[in-house]
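Engineer: Here you go, work-v4.tsv (TSV, C-alpha atoms):
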chain	number	residue	atom	x	y	z
A	28	MET	CA	132.70	53.46	-1.15
A	29	ASN	CA	129.84	55.72	-0.02
A	30	SER	CA	131.33	59.08	0.94
A	31	VAL	CA	130.18	62.63	0.29
A	32	VAL	CA	131.53	66.09	1.12
A	33	LEU	CA	129.34	69.16	0.57
A	34	ILE	CA	129.67	72.88	1.17
A	35	GLY	CA	126.57	75.04	1.03
A	36	ARG	CA	124.14	77.28	2.87
A	37	LEU	CA	121.18	76.26	5.02
A	38	THR	CA	117.79	76.93	3.44
A	39	ARG	CA	116.07	76.95	6.85
A	40	ASP	CA	116.92	76.58	10.52
A	41	PRO	CA	117.76	73.02	11.61
A	42	GLU	CA	114.89	71.02	13.07
A	43	LEU	CA	115.92	69.23	16.29
A	44	ARG	CA	114.05	66.22	17.65
A	45	PHE	CA	114.86	63.43	20.05
A	46	ILE	CA	114.35	59.69	19.52
A	47	PRO	CA	111.83	58.70	22.24
A	48	SER	CA	113.30	55.27	22.99
A	49	THR	CA	116.93	56.40	23.34
A	50	GLY	CA	116.77	60.17	23.85
A	51	MET	CA	119.32	60.66	21.07
A	52	ALA	CA	119.20	64.03	19.31
A	53	VAL	CA	118.43	64.15	15.57
A	54	ALA	CA	118.77	67.34	13.52
A	55	LYS	CA	117.52	67.74	9.97
A	56	PHE	CA	118.20	70.60	7.60
A	57	THR	CA	118.52	71.29	3.89
A	58	LEU	CA	121.76	72.49	2.33
A	59	ALA	CA	121.75	74.55	-0.89
A	60	VAL	CA	124.87	73.51	-2.82
A	61	ASP	CA	125.82	75.59	-5.86
A	62	ARG	CA	126.28	73.76	-9.12
A	63	ASP	CA	129.50	74.23	-11.04
A	64	LEU	CA	128.16	77.13	-13.12
A	65	TYR	CA	130.04	80.38	-13.58
A	66	GLY	CA	129.81	83.49	-15.70
A	67	GLU	CA	127.81	83.17	-18.88
A	68	ARG	CA	126.67	79.58	-18.20
A	69	LYS	CA	125.21	80.62	-14.83
A	70	GLN	CA	123.45	83.68	-16.33
A	71	GLN	CA	122.06	81.50	-19.12
A	72	ALA	CA	120.69	78.97	-16.61
A	73	ILE	CA	119.09	81.76	-14.56
A	74	SER	CA	117.49	83.34	-17.63
A	75	GLN	CA	116.07	79.94	-18.68
A	76	GLY	CA	114.67	79.34	-15.21
A	77	LYS	CA	116.95	76.35	-14.60
A	78	PRO	CA	118.20	75.70	-11.06
A	79	THR	CA	121.77	76.77	-10.22
A	80	ALA	CA	121.90	74.86	-6.92
A	81	ASP	CA	120.97	71.45	-5.58
A	82	PHE	CA	119.01	71.17	-2.34
A	83	ILE	CA	120.34	68.27	-0.27
A	84	ASN	CA	118.58	66.92	2.84
A	85	ILE	CA	121.00	66.42	5.73
A	86	THR	CA	120.44	64.34	8.89
A	87	VAL	CA	122.79	64.50	11.89
A	88	PHE	CA	122.71	62.48	15.12
A	89	GLY	CA	123.94	62.93	18.69
A	90	LYS	CA	125.96	65.83	20.05
A	91	ILE	CA	126.69	67.09	16.53
A	92	ALA	CA	122.92	67.40	15.98
A	93	GLU	CA	122.57	69.50	19.13
A	94	ASN	CA	125.45	71.74	18.04
A	95	CYS	CA	123.88	72.18	14.60
A	96	ALA	CA	120.55	73.17	16.16
A	97	ASN	CA	122.26	75.62	18.52
A	98	TYR	CA	124.73	77.26	16.15
A	99	LEU	CA	123.41	76.94	12.60
A	100	SER	CA	120.60	78.98	11.12
A	101	LYS	CA	119.08	79.82	7.76
A	102	GLY	CA	121.67	81.26	5.37
A	103	ARG	CA	124.66	80.05	7.40
A	104	GLN	CA	127.38	78.27	5.44
A	105	CYS	CA	128.70	74.88	6.52
A	106	ALA	CA	130.62	71.87	5.27
A	107	VAL	CA	129.18	68.38	5.69
A	108	GLN	CA	130.97	65.03	5.48
A	109	GLY	CA	129.00	61.81	5.53
A	110	ARG	CA	127.30	59.15	3.43
A	111	ILE	CA	124.31	58.98	1.10
A	112	SER	CA	121.31	57.06	2.39
A	113	THR	CA	118.32	56.07	0.29
A	114	GLY	CA	114.97	54.74	1.42
A	115	SER	CA	111.32	54.49	0.52
A	116	TYR	CA	107.90	54.65	2.11
A	117	THR	CA	104.27	54.27	1.07
A	118	THR	CA	101.89	57.19	1.44
A	119	GLN	CA	98.36	56.86	2.84
A	120	THR	CA	97.08	56.78	-0.74
A	121	GLY	CA	99.30	53.78	-1.50
A	122	GLU	CA	101.82	55.73	-3.57
A	123	LYS	CA	105.46	54.68	-3.13
A	124	ARG	CA	107.90	57.54	-2.44
A	125	TYR	CA	111.69	57.37	-2.56
A	126	THR	CA	114.04	59.41	-0.38
A	127	THR	CA	117.69	60.39	-0.62
A	128	GLU	CA	119.58	62.16	2.14
A	129	VAL	CA	123.06	62.58	3.54
A	130	ILE	CA	123.74	61.13	6.98
A	131	ALA	CA	126.42	63.49	8.29
A	132	ASP	CA	129.31	62.26	10.42
A	133	LYS	CA	130.99	65.65	10.54
A	134	VAL	CA	129.69	69.22	10.21
A	135	GLU	CA	131.98	72.25	10.13
A	136	PHE	CA	130.60	75.74	10.57
A	137	ILE	CA	132.03	78.12	7.97
A	138	GLY	CA	131.99	81.90	8.05
A	139	SER	CA	130.92	84.29	10.74
A	140	ARG	CA	128.21	83.29	13.19
A	141	ASP	CA	127.04	86.89	13.55
A	142	GLN	CA	127.02	88.63	10.20
A	143	SER	CA	125.98	91.89	11.88
A	144	SER	CA	129.35	92.15	13.62
A	145	SER	CA	131.10	92.67	10.30
A	146	PRO	CA	132.30	96.18	9.46
A	147	GLN	CA	129.51	98.42	8.21
A	148	GLN	CA	129.81	100.03	4.77
A	149	GLY	CA	133.49	99.17	4.36
A	150	LYS	CA	134.60	100.96	7.55
A	151	PRO	CA	137.39	99.11	9.37
A	152	VAL	CA	136.79	98.11	12.97
A	153	GLN	CA	138.96	100.14	15.37
A	154	PRO	CA	139.84	98.56	18.72
A	155	ASP	CA	139.42	100.61	21.88
A	156	SER	CA	142.67	102.49	22.64
A	157	SER	CA	142.71	100.98	26.16
A	158	PHE	CA	143.25	97.60	24.48
A	159	PHE	CA	146.91	98.45	23.90
A	160	ASN	CA	147.64	99.57	27.48
A	161	ASP	CA	148.27	96.01	28.67
A	162	PHE	CA	151.15	95.46	26.26
A	163	PRO	CA	154.72	96.38	27.21
A	164	ASP	CA	156.57	99.08	25.31
A	165	GLU	CA	158.50	97.88	22.29
A	166	ASP	CA	161.72	99.20	23.85
A	167	ASN	CA	161.48	96.84	26.82
A	168	ASP	CA	162.86	93.38	26.22
A	169	ILE	CA	160.18	91.00	27.52
A	170	PHE	CA	162.14	87.88	26.59
A	171	GLN	CA	164.97	86.85	28.89
A	172	PRO	CA	167.61	84.23	28.06
A	173	VAL	CA	167.26	80.93	29.94
A	174	ASP	CA	170.13	78.82	31.15
A	175	ASP	CA	170.01	75.21	29.89
A	176	GLU	CA	170.28	74.02	33.53
A	177	ASP	CA	166.93	75.67	34.37
A	178	ILE	CA	165.00	73.63	31.76
A	179	PRO	CA	163.27	70.68	33.51
A	180	PHE	CA	163.58	68.22	30.62
Here is a file; write its structure as structure tokens.
Structural biologist:
Amino acid sequence: MNSVVLIGRLTRDPELRFIPSTGMAVAKFTLAVDRDLYGERKQQAISQGKPTADFINITVFGKIAENCANYLSKGRQCAVQGRISTGSYTTQTGEKRYTTEVIADKVEFIGSRDQSSSPQQGKPVQPDSSFFNDFPDEDNDIFQPVDDEDIPF
């Protein structure tokens, strides 16, 4: 079974292209996925200059690719479900290169799209007082009993 699920942050904005023969959208981006390092082990890895995340190339097709290009950006967190695909090619100098990427079937956007809309410096967001004017008073009973004969099913 070839199945992978990843959660990470984009290292750059998605790159959207279209396949000339079919017009299908293709988006590519790289996801930084943290390794399972915490506390002292993570600090030790950082001090030794060892990586604490893996950088996984992601490819998405179709409408999902267009959504990724429109709504994801560098630093945004997302979850990806798909399969691992490997391949190879030969460079102009004759050197053989191998590739590994995830072909995503599903991408879920995680977290806030606009980080700037979050409360500043720990201050809670207060709604406009006019927001509450449309709600009935608590003393008024807005729910009325319904006779079983009035229910259409």
Engineer: Write out as a ChimeraX atom specification which residues come within 12 Å of range 82-94 of chain A when counting only C-alpha atoms, dropping same-chain ones fewer than 3 positions away.
Structural biologist: /A:31-46,49-62,78-79,97-100,105-113,126-136
Engineer: Record the distance separating CA of Tyr125 in chain A and CA of Met28 in chain A, expressed in Å with one decimal.
Structural biologist: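 Interatomic distance, CA of Tyr125 in chain A to CA of Met28 in chain A: 21.4 Å.
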Engineer: What does the distance between CA of Ile137 in chain A and CA of Ala80 in chain A come to in Å, to one decimal place?
Structural biologist: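 Computing the Euclidean distance for CA of Ile137 in chain A and CA of Ala80 in chain A yields 18.3 Å.
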Engineer: Between CA of Gly138 in chain A and CA of Gln104 in chain A, what is the distance in Å, rounded to a tenth?
Structural biologist: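 Calculated distance between CA of Gly138 in chain A and CA of Gln104 in chain A is 6.4 Å.
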Engineer: Produce the centre coordinates and the three edge lengths, each in Å to one decimal, of the box along x, y and z that contains all listed atoms of range 30-44 of chain A with 3 Å added on each side, as lines of an AutoDock Vina configuration file.
Structural biologist:
center_x = 122.8
center_y = 68.2
center_z = 9.0
size_x = 23.5
size_y = 24.2
size_z = 23.4
